[in-house]
Every structure is written in C-alpha cells, then in structure tokens.
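Visitor: My file is data_21.txt. It has compact mmCIF, N, CA and C atoms:
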```txt
# COMPACT_ATOMS: atom_id res chain seq x y z
N MET U 1 98.62 105.46 95.37
CA MET U 1 98.85 106.03 96.68
C MET U 1 98.57 107.54 96.67
N VAL U 2 98.74 108.14 95.52
CA VAL U 2 98.47 109.57 95.41
C VAL U 2 97.00 109.86 95.75
N GLU U 3 96.10 109.00 95.30
CA GLU U 3 94.68 109.19 95.61
C GLU U 3 94.40 108.94 97.09
N ALA U 4 95.09 108.00 97.69
CA ALA U 4 94.94 107.76 99.13
C ALA U 4 95.43 108.98 99.92
N LEU U 5 96.51 109.59 99.48
CA LEU U 5 97.00 110.82 100.11
C LEU U 5 95.98 111.94 99.99
N ARG U 6 95.33 112.01 98.85
CA ARG U 6 94.27 113.02 98.66
C ARG U 6 93.15 112.81 99.68
N GLU U 7 92.76 111.56 99.87
CA GLU U 7 91.74 111.24 100.87
C GLU U 7 92.22 111.60 102.28
N ALA U 8 93.49 111.32 102.56
CA ALA U 8 94.04 111.64 103.88
C ALA U 8 94.00 113.14 104.14
N ARG U 9 94.30 113.92 103.12
CA ARG U 9 94.25 115.38 103.28
C ARG U 9 92.82 115.85 103.58
N LYS U 10 91.84 115.22 102.94
CA LYS U 10 90.44 115.55 103.23
C LYS U 10 90.14 115.30 104.70
N ALA U 11 90.61 114.16 105.20
CA ALA U 11 90.38 113.83 106.61
C ALA U 11 90.98 114.91 107.51
N GLY U 12 92.22 115.29 107.24
CA GLY U 12 92.87 116.31 108.04
C GLY U 12 92.12 117.63 108.02
N GLU U 13 91.62 118.01 106.85
CA GLU U 13 90.85 119.26 106.72
C GLU U 13 89.56 119.22 107.55
N GLU U 14 89.05 118.01 107.76
CA GLU U 14 87.82 117.83 108.54
C GLU U 14 88.11 117.61 110.03
N GLY U 15 89.38 117.70 110.41
CA GLY U 15 89.75 117.50 111.81
C GLY U 15 89.89 116.04 112.20
N GLU U 16 89.89 115.17 111.21
CA GLU U 16 90.07 113.73 111.46
C GLU U 16 91.56 113.38 111.34
N ILE U 17 91.96 112.30 111.96
CA ILE U 17 93.33 111.82 111.78
C ILE U 17 93.51 111.57 110.28
N PRO U 18 94.56 112.14 109.67
CA PRO U 18 94.70 112.12 108.22
C PRO U 18 95.18 110.79 107.63
N ILE U 19 94.26 109.87 107.54
CA ILE U 19 94.53 108.59 106.89
C ILE U 19 93.51 108.44 105.78
N GLY U 20 94.00 108.04 104.60
CA GLY U 20 93.13 107.84 103.46
C GLY U 20 93.38 106.48 102.83
N ALA U 21 92.37 105.99 102.12
CA ALA U 21 92.47 104.67 101.50
C ALA U 21 91.66 104.64 100.21
N VAL U 22 92.15 103.87 99.25
CA VAL U 22 91.39 103.61 98.03
C VAL U 22 91.54 102.13 97.68
N VAL U 23 90.50 101.58 97.08
CA VAL U 23 90.53 100.20 96.58
C VAL U 23 90.50 100.28 95.06
N VAL U 24 91.44 99.56 94.44
CA VAL U 24 91.58 99.59 92.99
C VAL U 24 91.35 98.19 92.44
N SER U 25 90.58 98.14 91.36
CA SER U 25 90.35 96.90 90.63
C SER U 25 90.55 97.18 89.15
N ARG U 26 91.43 96.41 88.54
CA ARG U 26 91.70 96.55 87.10
C ARG U 26 92.01 97.99 86.69
N GLY U 27 92.81 98.65 87.53
CA GLY U 27 93.25 100.00 87.23
C GLY U 27 92.24 101.11 87.51
N ARG U 28 91.13 100.75 88.15
CA ARG U 28 90.07 101.73 88.41
C ARG U 28 89.74 101.75 89.90
N ILE U 29 89.59 102.96 90.45
CA ILE U 29 89.20 103.09 91.86
C ILE U 29 87.73 102.71 91.99
N ILE U 30 87.48 101.72 92.84
CA ILE U 30 86.10 101.27 93.05
C ILE U 30 85.60 101.61 94.45
N GLY U 31 86.49 102.13 95.29
CA GLY U 31 86.10 102.54 96.63
C GLY U 31 87.15 103.45 97.22
N SER U 32 86.71 104.44 97.94
CA SER U 32 87.66 105.34 98.60
C SER U 32 87.08 105.79 99.93
N GLY U 33 87.96 106.24 100.79
CA GLY U 33 87.50 106.72 102.08
C GLY U 33 88.63 107.33 102.88
N HIS U 34 88.25 108.04 103.90
CA HIS U 34 89.20 108.59 104.85
C HIS U 34 88.58 108.46 106.24
N ASN U 35 89.42 108.65 107.24
CA ASN U 35 88.91 108.51 108.61
C ASN U 35 87.71 109.42 108.83
N MET U 36 86.69 108.87 109.46
CA MET U 36 85.46 109.62 109.75
C MET U 36 84.97 109.32 111.17
N THR U 37 85.89 108.97 112.05
CA THR U 37 85.50 108.58 113.40
C THR U 37 84.86 109.72 114.18
N GLU U 38 85.36 110.93 113.99
CA GLU U 38 84.81 112.08 114.71
C GLU U 38 83.44 112.46 114.14
N ARG U 39 83.36 112.56 112.84
CA ARG U 39 82.10 112.96 112.19
C ARG U 39 80.97 111.99 112.49
N LEU U 40 81.27 110.71 112.42
CA LEU U 40 80.25 109.69 112.61
C LEU U 40 80.11 109.24 114.07
N HIS U 41 81.00 109.72 114.93
CA HIS U 41 81.01 109.28 116.34
C HIS U 41 81.09 107.75 116.39
N ASP U 42 82.00 107.21 115.60
CA ASP U 42 82.11 105.76 115.42
C ASP U 42 83.59 105.39 115.39
N ALA U 43 84.05 104.71 116.42
CA ALA U 43 85.46 104.33 116.52
C ALA U 43 85.89 103.37 115.41
N THR U 44 84.93 102.76 114.72
CA THR U 44 85.27 101.82 113.65
C THR U 44 85.30 102.46 112.27
N ALA U 45 85.05 103.75 112.18
CA ALA U 45 84.97 104.43 110.87
C ALA U 45 86.35 104.82 110.36
N HIS U 46 87.22 103.83 110.24
CA HIS U 46 88.57 104.04 109.73
C HIS U 46 88.53 104.11 108.20
N ALA U 47 89.55 104.71 107.62
CA ALA U 47 89.63 104.89 106.17
C ALA U 47 89.47 103.56 105.42
N GLU U 48 90.14 102.53 105.91
CA GLU U 48 90.08 101.23 105.24
C GLU U 48 88.67 100.67 105.25
N MET U 49 87.99 100.81 106.37
CA MET U 49 86.63 100.27 106.50
C MET U 49 85.68 100.99 105.54
N ILE U 50 85.83 102.31 105.45
CA ILE U 50 84.98 103.09 104.56
C ILE U 50 85.26 102.69 103.10
N ALA U 51 86.54 102.56 102.75
CA ALA U 51 86.92 102.22 101.37
C ALA U 51 86.46 100.82 100.99
N VAL U 52 86.62 99.86 101.90
CA VAL U 52 86.20 98.48 101.62
C VAL U 52 84.69 98.41 101.44
N THR U 53 83.95 99.08 102.30
CA THR U 53 82.49 99.10 102.17
C THR U 53 82.07 99.69 100.83
N ALA U 54 82.69 100.79 100.43
CA ALA U 54 82.38 101.41 99.14
C ALA U 54 82.74 100.47 97.98
N ALA U 55 83.86 99.79 98.09
CA ALA U 55 84.29 98.88 97.03
C ALA U 55 83.36 97.68 96.88
N THR U 56 82.98 97.07 98.00
CA THR U 56 82.11 95.90 97.91
C THR U 56 80.73 96.30 97.39
N GLU U 57 80.29 97.50 97.77
CA GLU U 57 79.01 98.01 97.23
C GLU U 57 79.13 98.24 95.73
N SER U 58 80.26 98.77 95.31
CA SER U 58 80.50 99.08 93.89
C SER U 58 80.45 97.82 93.01
N ILE U 59 81.05 96.73 93.50
CA ILE U 59 81.10 95.51 92.68
C ILE U 59 79.97 94.53 93.00
N GLY U 60 79.24 94.80 94.08
CA GLY U 60 78.14 93.93 94.43
C GLY U 60 78.58 92.57 94.94
N ALA U 61 79.72 92.53 95.61
CA ALA U 61 80.25 91.28 96.16
C ALA U 61 81.03 91.58 97.43
N LYS U 62 81.17 90.58 98.29
CA LYS U 62 81.85 90.81 99.55
C LYS U 62 83.35 90.54 99.52
N TYR U 63 83.85 89.91 98.47
CA TYR U 63 85.26 89.58 98.40
C TYR U 63 85.99 90.47 97.41
N LEU U 64 87.22 90.85 97.77
CA LEU U 64 88.04 91.75 96.97
C LEU U 64 89.37 91.11 96.58
N ALA U 65 89.31 89.83 96.24
CA ALA U 65 90.53 89.06 95.97
C ALA U 65 91.34 89.63 94.81
N ASP U 66 90.70 90.23 93.84
CA ASP U 66 91.42 90.78 92.69
C ASP U 66 91.70 92.27 92.83
N CYS U 67 91.63 92.78 94.05
CA CYS U 67 91.77 94.22 94.29
C CYS U 67 93.01 94.54 95.11
N THR U 68 93.42 95.79 95.01
CA THR U 68 94.51 96.33 95.82
C THR U 68 93.98 97.47 96.67
N LEU U 69 94.28 97.43 97.94
CA LEU U 69 93.96 98.53 98.85
C LEU U 69 95.23 99.36 99.02
N TYR U 70 95.13 100.64 98.73
CA TYR U 70 96.20 101.59 99.01
C TYR U 70 95.77 102.39 100.22
N VAL U 71 96.63 102.44 101.24
CA VAL U 71 96.30 103.17 102.46
C VAL U 71 97.56 103.89 102.94
N THR U 72 97.38 105.09 103.46
CA THR U 72 98.53 105.92 103.80
C THR U 72 99.30 105.45 105.03
N VAL U 73 98.64 104.74 105.93
CA VAL U 73 99.29 104.26 107.15
C VAL U 73 98.95 102.77 107.32
N GLU U 74 99.89 102.04 107.87
CA GLU U 74 99.69 100.61 108.13
C GLU U 74 98.36 100.37 108.85
N PRO U 75 97.56 99.43 108.37
CA PRO U 75 96.27 99.15 109.01
C PRO U 75 96.42 98.69 110.46
N CYS U 76 95.43 99.03 111.26
CA CYS U 76 95.37 98.56 112.64
C CYS U 76 94.86 97.12 112.65
N PRO U 77 94.88 96.44 113.79
CA PRO U 77 94.39 95.06 113.84
C PRO U 77 92.92 94.92 113.42
N MET U 78 92.07 95.89 113.80
CA MET U 78 90.66 95.81 113.41
C MET U 78 90.53 95.82 111.89
N CYS U 79 91.23 96.76 111.25
CA CYS U 79 91.15 96.86 109.79
C CYS U 79 91.79 95.65 109.12
N ALA U 80 92.89 95.15 109.69
CA ALA U 80 93.52 93.95 109.14
C ALA U 80 92.54 92.78 109.16
N GLY U 81 91.79 92.66 110.25
CA GLY U 81 90.78 91.61 110.32
C GLY U 81 89.71 91.76 109.25
N ALA U 82 89.26 92.99 109.05
CA ALA U 82 88.25 93.25 108.00
C ALA U 82 88.83 92.96 106.62
N LEU U 83 90.09 93.31 106.42
CA LEU U 83 90.73 93.04 105.13
C LEU U 83 90.89 91.53 104.92
N ASN U 84 91.10 90.80 106.01
CA ASN U 84 91.14 89.34 105.93
C ASN U 84 89.79 88.81 105.46
N TRP U 85 88.72 89.25 106.14
CA TRP U 85 87.38 88.76 105.80
C TRP U 85 86.97 89.13 104.38
N SER U 86 87.44 90.28 103.89
CA SER U 86 87.10 90.67 102.52
C SER U 86 88.05 90.04 101.50
N GLN U 87 89.05 89.33 102.00
CA GLN U 87 90.01 88.61 101.16
C GLN U 87 90.69 89.52 100.14
N VAL U 88 91.02 90.76 100.55
CA VAL U 88 91.68 91.69 99.64
C VAL U 88 92.99 91.06 99.15
N GLY U 89 93.24 91.17 97.85
CA GLY U 89 94.38 90.51 97.24
C GLY U 89 95.72 91.12 97.58
N ARG U 90 95.74 92.45 97.72
CA ARG U 90 97.01 93.13 97.93
C ARG U 90 96.77 94.39 98.76
N ILE U 91 97.70 94.65 99.67
CA ILE U 91 97.67 95.87 100.47
C ILE U 91 98.97 96.62 100.24
N VAL U 92 98.84 97.89 99.91
CA VAL U 92 99.99 98.77 99.74
C VAL U 92 99.82 99.90 100.73
N TYR U 93 100.77 100.04 101.65
CA TYR U 93 100.65 101.14 102.60
C TYR U 93 101.91 101.99 102.63
N GLY U 94 101.72 103.23 103.08
CA GLY U 94 102.81 104.19 103.11
C GLY U 94 103.63 104.08 104.38
N ALA U 95 103.17 104.75 105.43
CA ALA U 95 103.94 104.82 106.68
C ALA U 95 103.59 103.67 107.61
N PRO U 96 104.59 103.14 108.31
CA PRO U 96 104.29 102.14 109.33
C PRO U 96 103.62 102.82 110.52
N ASP U 97 102.90 102.04 111.30
CA ASP U 97 102.32 102.56 112.54
C ASP U 97 102.97 101.81 113.70
N PRO U 98 104.01 102.41 114.28
CA PRO U 98 104.76 101.70 115.32
C PRO U 98 104.01 101.50 116.63
N ARG U 99 102.86 102.14 116.77
CA ARG U 99 102.09 102.00 118.01
C ARG U 99 100.86 101.11 117.87
N ARG U 100 100.22 101.17 116.69
CA ARG U 100 98.96 100.45 116.55
C ARG U 100 98.84 99.63 115.27
N GLY U 101 99.92 99.48 114.53
CA GLY U 101 99.87 98.71 113.29
C GLY U 101 99.64 97.23 113.55
N TYR U 102 98.97 96.59 112.61
CA TYR U 102 98.64 95.16 112.78
C TYR U 102 99.88 94.30 112.94
N SER U 103 101.00 94.70 112.30
CA SER U 103 102.20 93.85 112.33
C SER U 103 102.81 93.75 113.72
N LEU U 104 102.48 94.68 114.60
CA LEU U 104 102.95 94.59 115.99
C LEU U 104 102.28 93.44 116.72
N TYR U 105 101.05 93.19 116.35
CA TYR U 105 100.25 92.20 117.06
C TYR U 105 100.35 90.83 116.41
N SER U 106 100.10 90.80 115.11
CA SER U 106 100.18 89.52 114.42
C SER U 106 100.04 89.72 112.92
N PRO U 107 101.12 89.52 112.20
CA PRO U 107 101.03 89.63 110.74
C PRO U 107 100.03 88.63 110.16
N SER U 108 99.71 87.58 110.91
CA SER U 108 98.79 86.56 110.41
C SER U 108 97.33 87.01 110.47
N LEU U 109 97.08 88.26 110.88
CA LEU U 109 95.70 88.77 110.86
C LEU U 109 95.17 88.87 109.43
N LEU U 110 96.05 89.03 108.48
CA LEU U 110 95.64 89.15 107.08
C LEU U 110 95.35 87.79 106.47
N HIS U 111 94.59 87.79 105.39
CA HIS U 111 94.31 86.56 104.65
C HIS U 111 95.64 85.98 104.17
N PRO U 112 95.81 84.66 104.20
CA PRO U 112 97.09 84.05 103.81
C PRO U 112 97.53 84.37 102.38
N LYS U 113 96.60 84.67 101.50
CA LYS U 113 96.96 84.96 100.11
C LYS U 113 97.20 86.45 99.85
N THR U 114 96.98 87.29 100.84
CA THR U 114 97.15 88.73 100.66
C THR U 114 98.63 89.09 100.58
N GLU U 115 98.98 89.84 99.54
CA GLU U 115 100.34 90.35 99.40
C GLU U 115 100.39 91.73 100.04
N VAL U 116 101.55 92.06 100.64
CA VAL U 116 101.71 93.36 101.30
C VAL U 116 102.97 94.04 100.77
N LEU U 117 102.81 95.31 100.46
CA LEU U 117 103.94 96.16 100.08
C LEU U 117 103.89 97.39 100.96
N SER U 118 104.97 97.68 101.66
CA SER U 118 104.98 98.83 102.56
C SER U 118 106.01 99.86 102.11
N GLY U 119 105.88 101.07 102.64
CA GLY U 119 106.86 102.10 102.40
C GLY U 119 106.64 102.94 101.15
N VAL U 120 105.50 102.81 100.51
CA VAL U 120 105.23 103.58 99.29
C VAL U 120 104.84 105.01 99.68
N LEU U 121 105.63 105.97 99.22
CA LEU U 121 105.45 107.39 99.58
C LEU U 121 105.39 107.57 101.09
N SER U 122 106.20 106.80 101.79
CA SER U 122 106.15 106.78 103.26
C SER U 122 106.43 108.13 103.89
N GLU U 123 107.37 108.88 103.34
CA GLU U 123 107.69 110.18 103.94
C GLU U 123 106.50 111.14 103.86
N GLU U 124 105.83 111.17 102.72
CA GLU U 124 104.66 112.04 102.58
C GLU U 124 103.53 111.60 103.50
N CYS U 125 103.32 110.30 103.58
CA CYS U 125 102.27 109.77 104.45
C CYS U 125 102.57 110.06 105.91
N ALA U 126 103.80 109.84 106.32
CA ALA U 126 104.19 110.08 107.71
C ALA U 126 104.13 111.56 108.05
N SER U 127 104.52 112.42 107.12
CA SER U 127 104.52 113.84 107.42
C SER U 127 103.11 114.39 107.63
N LEU U 128 102.12 113.85 106.93
CA LEU U 128 100.74 114.25 107.18
C LEU U 128 100.35 113.96 108.63
N MET U 129 100.72 112.79 109.10
CA MET U 129 100.40 112.41 110.48
C MET U 129 101.16 113.29 111.48
N LEU U 130 102.45 113.45 111.26
CA LEU U 130 103.26 114.24 112.19
C LEU U 130 102.77 115.68 112.26
N ASP U 131 102.47 116.28 111.13
CA ASP U 131 101.98 117.66 111.10
C ASP U 131 100.64 117.78 111.82
N PHE U 132 99.77 116.82 111.60
CA PHE U 132 98.45 116.82 112.24
C PHE U 132 98.59 116.81 113.76
N PHE U 133 99.41 115.89 114.28
CA PHE U 133 99.53 115.76 115.72
C PHE U 133 100.33 116.91 116.33
N ARG U 134 101.25 117.51 115.59
CA ARG U 134 101.96 118.71 116.09
C ARG U 134 100.97 119.84 116.32
N GLU U 135 100.02 119.99 115.40
CA GLU U 135 99.02 121.05 115.55
C GLU U 135 98.06 120.75 116.71
N LYS U 136 97.70 119.47 116.87
CA LYS U 136 96.74 119.09 117.91
C LYS U 136 97.38 119.13 119.31
N ARG U 137 98.64 118.75 119.37
CA ARG U 137 99.31 118.62 120.67
C ARG U 137 100.66 119.35 120.64
N PRO U 138 100.60 120.69 120.65
CA PRO U 138 101.87 121.46 120.55
C PRO U 138 102.80 121.27 121.72
```
Would you kindly transcribe this structure into structure tokens?

Guide:
Amino acid sequence: MVEALREARKAGEEGEIPIGAVVVSRGRIIGSGHNMTERLHDATAHAEMIAVTAATESIGAKYLADCTLYVTVEPCPMCAGALNWSQVGRIVYGAPDPRRGYSLYSPSLLHPKTEVLSGVLSEECASLMLDFFREKRP
C-alpha cells in the first residue's frame, strides 16, 4: 500500500485526484498507475485501469488470478468490472468511497473468487483525498 500511496501522491502533484494503484505478483510490482483522467482527457483513465493494463502487459496475459491489486481508495463500479474481467485474485484498498465505491452498487461486480481486504492505511489514504479537495474547493 505504501507504493500505491506513492502513486497517489504523484497524481495529486499532477493535479489529478490522488488515487494510486499497484499490482503485485509473487512479491514484485508488475504494474502501477495513478489517476490520469485530466492528462489523457479520458474519464476511464483511473489508477486501477492504468495499473491493470501495465500488469497484463508485463506478464503477457489478460488474467491476474495470482495477483493482488493495492489501491488507495475503494474501486468504482467501472474499475470493479475491469477487475472482474481480469480475474484479479485479491484487492486491498485503503479508504472507502462512500459516494462512488463499487460496494454501494453491488459487491457482486467483482469476480466470485476475488478476496477483498479494506481499511489498510485508510487514514493516510483518506487524508490525501480530503486535502486535495480542500485545496480545490475551499
């Protein structure tokens, strides 16, 4: 999660919503990313999407069943759907997203075999978001 926080800070420095993600396989980061929606002018360029694309490219396969995604904020429904299709084995996230998190809509968006762990470094993850939006919307 520390590496995902590092990615989130990069996003914030670039004026993006500070969410970061990394995909780990066998103790090694195989994909990382942070929000790039503003830079790419692409509403789908979320941290999870960038990290999953990098990871699948790294291993040369479309499924991530033996991998863990670490992300600073609970994935949205779009990202949960992509994580389902990539069959990611485990998701670890920091802060919940009470407005747009996938669990508000349907926890079944994820692959049935995907394990989820929430609340890891949640205060640090949440504070990045709160600080970002305080600066944007005083």

Visitor: If you run DSSP on the backbone, which residues of stretch 52-108 of chain U are helix (DSSP H, G or I), as a list of chain:residue names?

Guide: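 After running DSSP on the backbone, stretch 52-108 of chain U has helix (DSSP H, G or I) at U:Val52, U:Thr53, U:Ala54, U:Ala55, U:Thr56, U:Glu57, U:Ser58, U:Ile59, U:Pro77, U:Met78, U:Cys79, U:Ala80, U:Gly81, U:Ala82, U:Leu83, U:Asn84, U:Trp85, U:Tyr102, U:Ser103, U:Leu104, U:Tyr105, U:Pro107, U:Ser108.
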
Visitor: Would you mind exporting the chosen residues as a CSV table (one decimal), in the coordinates of the input, restricted to N, CA and C atoms?

Guide:
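Output file again20.csv follows:
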```
chain,number,residue,atom,x,y,z
U,52,VAL,N,86.6,99.9,101.9
U,52,VAL,CA,86.2,98.5,101.6
U,52,VAL,C,84.7,98.4,101.4
U,53,THR,N,84.0,99.1,102.3
U,53,THR,CA,82.5,99.1,102.2
U,53,THR,C,82.1,99.7,100.8
U,54,ALA,N,82.7,100.8,100.4
U,54,ALA,CA,82.4,101.4,99.1
U,54,ALA,C,82.7,100.5,98.0
U,55,ALA,N,83.9,99.8,98.1
U,55,ALA,CA,84.3,98.9,97.0
U,55,ALA,C,83.4,97.7,96.9
U,56,THR,N,83.0,97.1,98.0
U,56,THR,CA,82.1,95.9,97.9
U,56,THR,C,80.7,96.3,97.4
U,57,GLU,N,80.3,97.5,97.8
U,57,GLU,CA,79.0,98.0,97.2
U,57,GLU,C,79.1,98.2,95.7
U,58,SER,N,80.3,98.8,95.3
U,58,SER,CA,80.5,99.1,93.9
U,58,SER,C,80.4,97.8,93.0
U,59,ILE,N,81.0,96.7,93.5
U,59,ILE,CA,81.1,95.5,92.7
U,59,ILE,C,80.0,94.5,93.0
U,77,PRO,N,94.9,96.4,113.8
U,77,PRO,CA,94.4,95.1,113.8
U,77,PRO,C,92.9,94.9,113.4
U,78,MET,N,92.1,95.9,113.8
U,78,MET,CA,90.7,95.8,113.4
U,78,MET,C,90.5,95.8,111.9
U,79,CYS,N,91.2,96.8,111.2
U,79,CYS,CA,91.2,96.9,109.8
U,79,CYS,C,91.8,95.6,109.1
U,80,ALA,N,92.9,95.2,109.7
U,80,ALA,CA,93.5,94.0,109.1
U,80,ALA,C,92.5,92.8,109.2
U,81,GLY,N,91.8,92.7,110.2
U,81,GLY,CA,90.8,91.6,110.3
U,81,GLY,C,89.7,91.8,109.2
U,82,ALA,N,89.3,93.0,109.0
U,82,ALA,CA,88.2,93.2,108.0
U,82,ALA,C,88.8,93.0,106.6
U,83,LEU,N,90.1,93.3,106.4
U,83,LEU,CA,90.7,93.0,105.1
U,83,LEU,C,90.9,91.5,104.9
U,84,ASN,N,91.1,90.8,106.0
U,84,ASN,CA,91.1,89.3,105.9
U,84,ASN,C,89.8,88.8,105.5
U,85,TRP,N,88.7,89.2,106.1
U,85,TRP,CA,87.4,88.8,105.8
U,85,TRP,C,87.0,89.1,104.4
U,102,TYR,N,99.0,96.6,112.6
U,102,TYR,CA,98.6,95.2,112.8
U,102,TYR,C,99.9,94.3,112.9
U,103,SER,N,101.0,94.7,112.3
U,103,SER,CA,102.2,93.8,112.3
U,103,SER,C,102.8,93.8,113.7
U,104,LEU,N,102.5,94.7,114.6
U,104,LEU,CA,103.0,94.6,116.0
U,104,LEU,C,102.3,93.4,116.7
U,105,TYR,N,101.0,93.2,116.4
U,105,TYR,CA,100.2,92.2,117.1
U,105,TYR,C,100.4,90.8,116.4
U,107,PRO,N,101.1,89.5,112.2
U,107,PRO,CA,101.0,89.6,110.7
U,107,PRO,C,100.0,88.6,110.2
U,108,SER,N,99.7,87.6,110.9
U,108,SER,CA,98.8,86.6,110.4
U,108,SER,C,97.3,87.0,110.5
```

Visitor: Could you pull out the strand (DSSP E or B) residues of stretch 13-137 of chain U, going by DSSP on the backbone, and write them as a PyMOL selection string?

Guide: chain U and resi 20-25+28-34+67-73+90-95+115-118

Visitor: Please, what distance in Å, to one decimal, runs between atom CA of U:Gly81 and atom CA of U:Leu110?

Guide: 6.3 Å

Visitor: From the options U:Val120, U:Cys76, U:Ala82, U:Leu128, which residue's atoms come nearest to U:Ser103, counting all atoms listed in the file?

Guide: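 Of U:Val120, U:Cys76, U:Ala82, U:Leu128, the one nearest U:Ser103 is U:Cys76, counting all atoms listed in the file.
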
Visitor: Quote the spacing between atom CA of U:Thr72 and atom CA of U:Met36 in Å to one decimal place.

Guide: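 Computing the Euclidean distance for atom CA of U:Thr72 and atom CA of U:Met36 yields 14.8 Å.
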
Visitor: As an exercise, work out the distance from atom CA of U:Val71 to atom CA of U:Val92 in Å and give it to one decimal place.

Guide: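 Result for atom CA of U:Val71 versus atom CA of U:Val92: 6.4 Å, one decimal.
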
Visitor: List the neighbours of U:Lys10 out to 8 Å using all atoms listed in the file; skip same-chain residues closer than 5 positions along the sequence, and give me the result as a short mmCIF file (atom, residue, chain, number, x, y, z; two decimals) with N, CA and C atoms, keeping the file's coordinate frame.

Guide:
```
data_model
loop_
_atom_site.label_atom_id
_atom_site.label_comp_id
_atom_site.auth_asym_id
_atom_site.auth_seq_id
_atom_site.Cartn_x
_atom_site.Cartn_y
_atom_site.Cartn_z
N ALA U 4 95.09 108.00 97.69
CA ALA U 4 94.94 107.76 99.13
C ALA U 4 95.43 108.98 99.92
N LEU U 5 96.51 109.59 99.48
CA LEU U 5 97.00 110.82 100.11
C LEU U 5 95.98 111.94 99.99
N GLY U 15 89.38 117.70 110.41
CA GLY U 15 89.75 117.50 111.81
C GLY U 15 89.89 116.04 112.20
N GLU U 16 89.89 115.17 111.21
CA GLU U 16 90.07 113.73 111.46
C GLU U 16 91.56 113.38 111.34
N ILE U 17 91.96 112.30 111.96
CA ILE U 17 93.33 111.82 111.78
C ILE U 17 93.51 111.57 110.28
N PRO U 18 94.56 112.14 109.67
CA PRO U 18 94.70 112.12 108.22
C PRO U 18 95.18 110.79 107.63
N ILE U 19 94.26 109.87 107.54
CA ILE U 19 94.53 108.59 106.89
C ILE U 19 93.51 108.44 105.78
N GLY U 20 94.00 108.04 104.60
CA GLY U 20 93.13 107.84 103.46
C GLY U 20 93.38 106.48 102.83
N HIS U 34 88.25 108.04 103.90
CA HIS U 34 89.20 108.59 104.85
C HIS U 34 88.58 108.46 106.24
N ASN U 35 89.42 108.65 107.24
CA ASN U 35 88.91 108.51 108.61
C ASN U 35 87.71 109.42 108.83
#
```

Visitor: Choose the residue, out of U:Leu64, U:Leu69, U:Leu40, U:Met78, that has the smallest atom-to-atom separation from U:Val22; count all atoms listed in the file.

Guide: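 Smallest distance to U:Val22 is found for U:Leu69.
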
Visitor: Between U:Ala11, U:Ala80, U:Ala54, U:Val2, which residue has the minimum interatomic distance to U:Pro107, considering only C-alpha atoms?

Guide: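 Comparing U:Ala11, U:Ala80, U:Ala54, U:Val2 against U:Pro107, the winner is U:Ala80.
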
Visitor: Which residues are near U:Thr53? Cut-off 10 Å, only C-alpha atoms, ignore same chain within fewer than 2 positions. Put them as an NGL selection string.

Guide: :U and (23 or 31-33 or 48-51 or 55-58 or 62 or 86)

Visitor: Could you give me, as a list in words, the residues that have an atom at most 6 Å away from the point (83.9, 116.6, 112.3) in the coordinates of the file, using all atoms listed in the file?

Guide: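 The residues that fall inside the cut-off are Glu14, Gly15, Glu38 and Arg39 of chain U.
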
Visitor: Select, from U:Ser25, U:Leu121, U:Leu109, U:Glu135, the residue with the minimum atom-to-atom distance to U:Cys79, counting all atoms listed in the file.

Guide: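 Once distances to U:Cys79 are computed over all atoms listed in the file, the minimum belongs to U:Leu109.
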
Visitor: Around the point (100.5, 104.3, 104.8), in the coordinates given by the file, pick out the residues reaching within 6.5 Å, counting only N, CA and C atoms, and return them as number ranges by chain.

Guide: U: 71-74, 92-96, 122, 125

Visitor: Give the answer as one residue: which of U:Met129, U:Lys136, U:Tyr105, U:Tyr63 has the shortest atom-to-atom distance to U:Gly89, using all atoms listed in the file?

Guide: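 So, comparing all the options, the nearest one is U:Tyr63.
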
Visitor: Which residues come within 7 Å of U:Val88, counting all atoms listed in the file, excluding same-chain residues fewer than 4 positions away, as a ChimeraX atom specification?

Guide: /U:63-69,82-84,111,113-115

Visitor: Give the answer as one residue: which of U:Tyr70, U:Val24, U:Phe133, U:Ala43 has the shortest atom-to-atom distance to U:Met1, using all atoms listed in the file?

Guide: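 Among U:Tyr70, U:Val24, U:Phe133, U:Ala43, it is U:Tyr70 that comes nearest to U:Met1.
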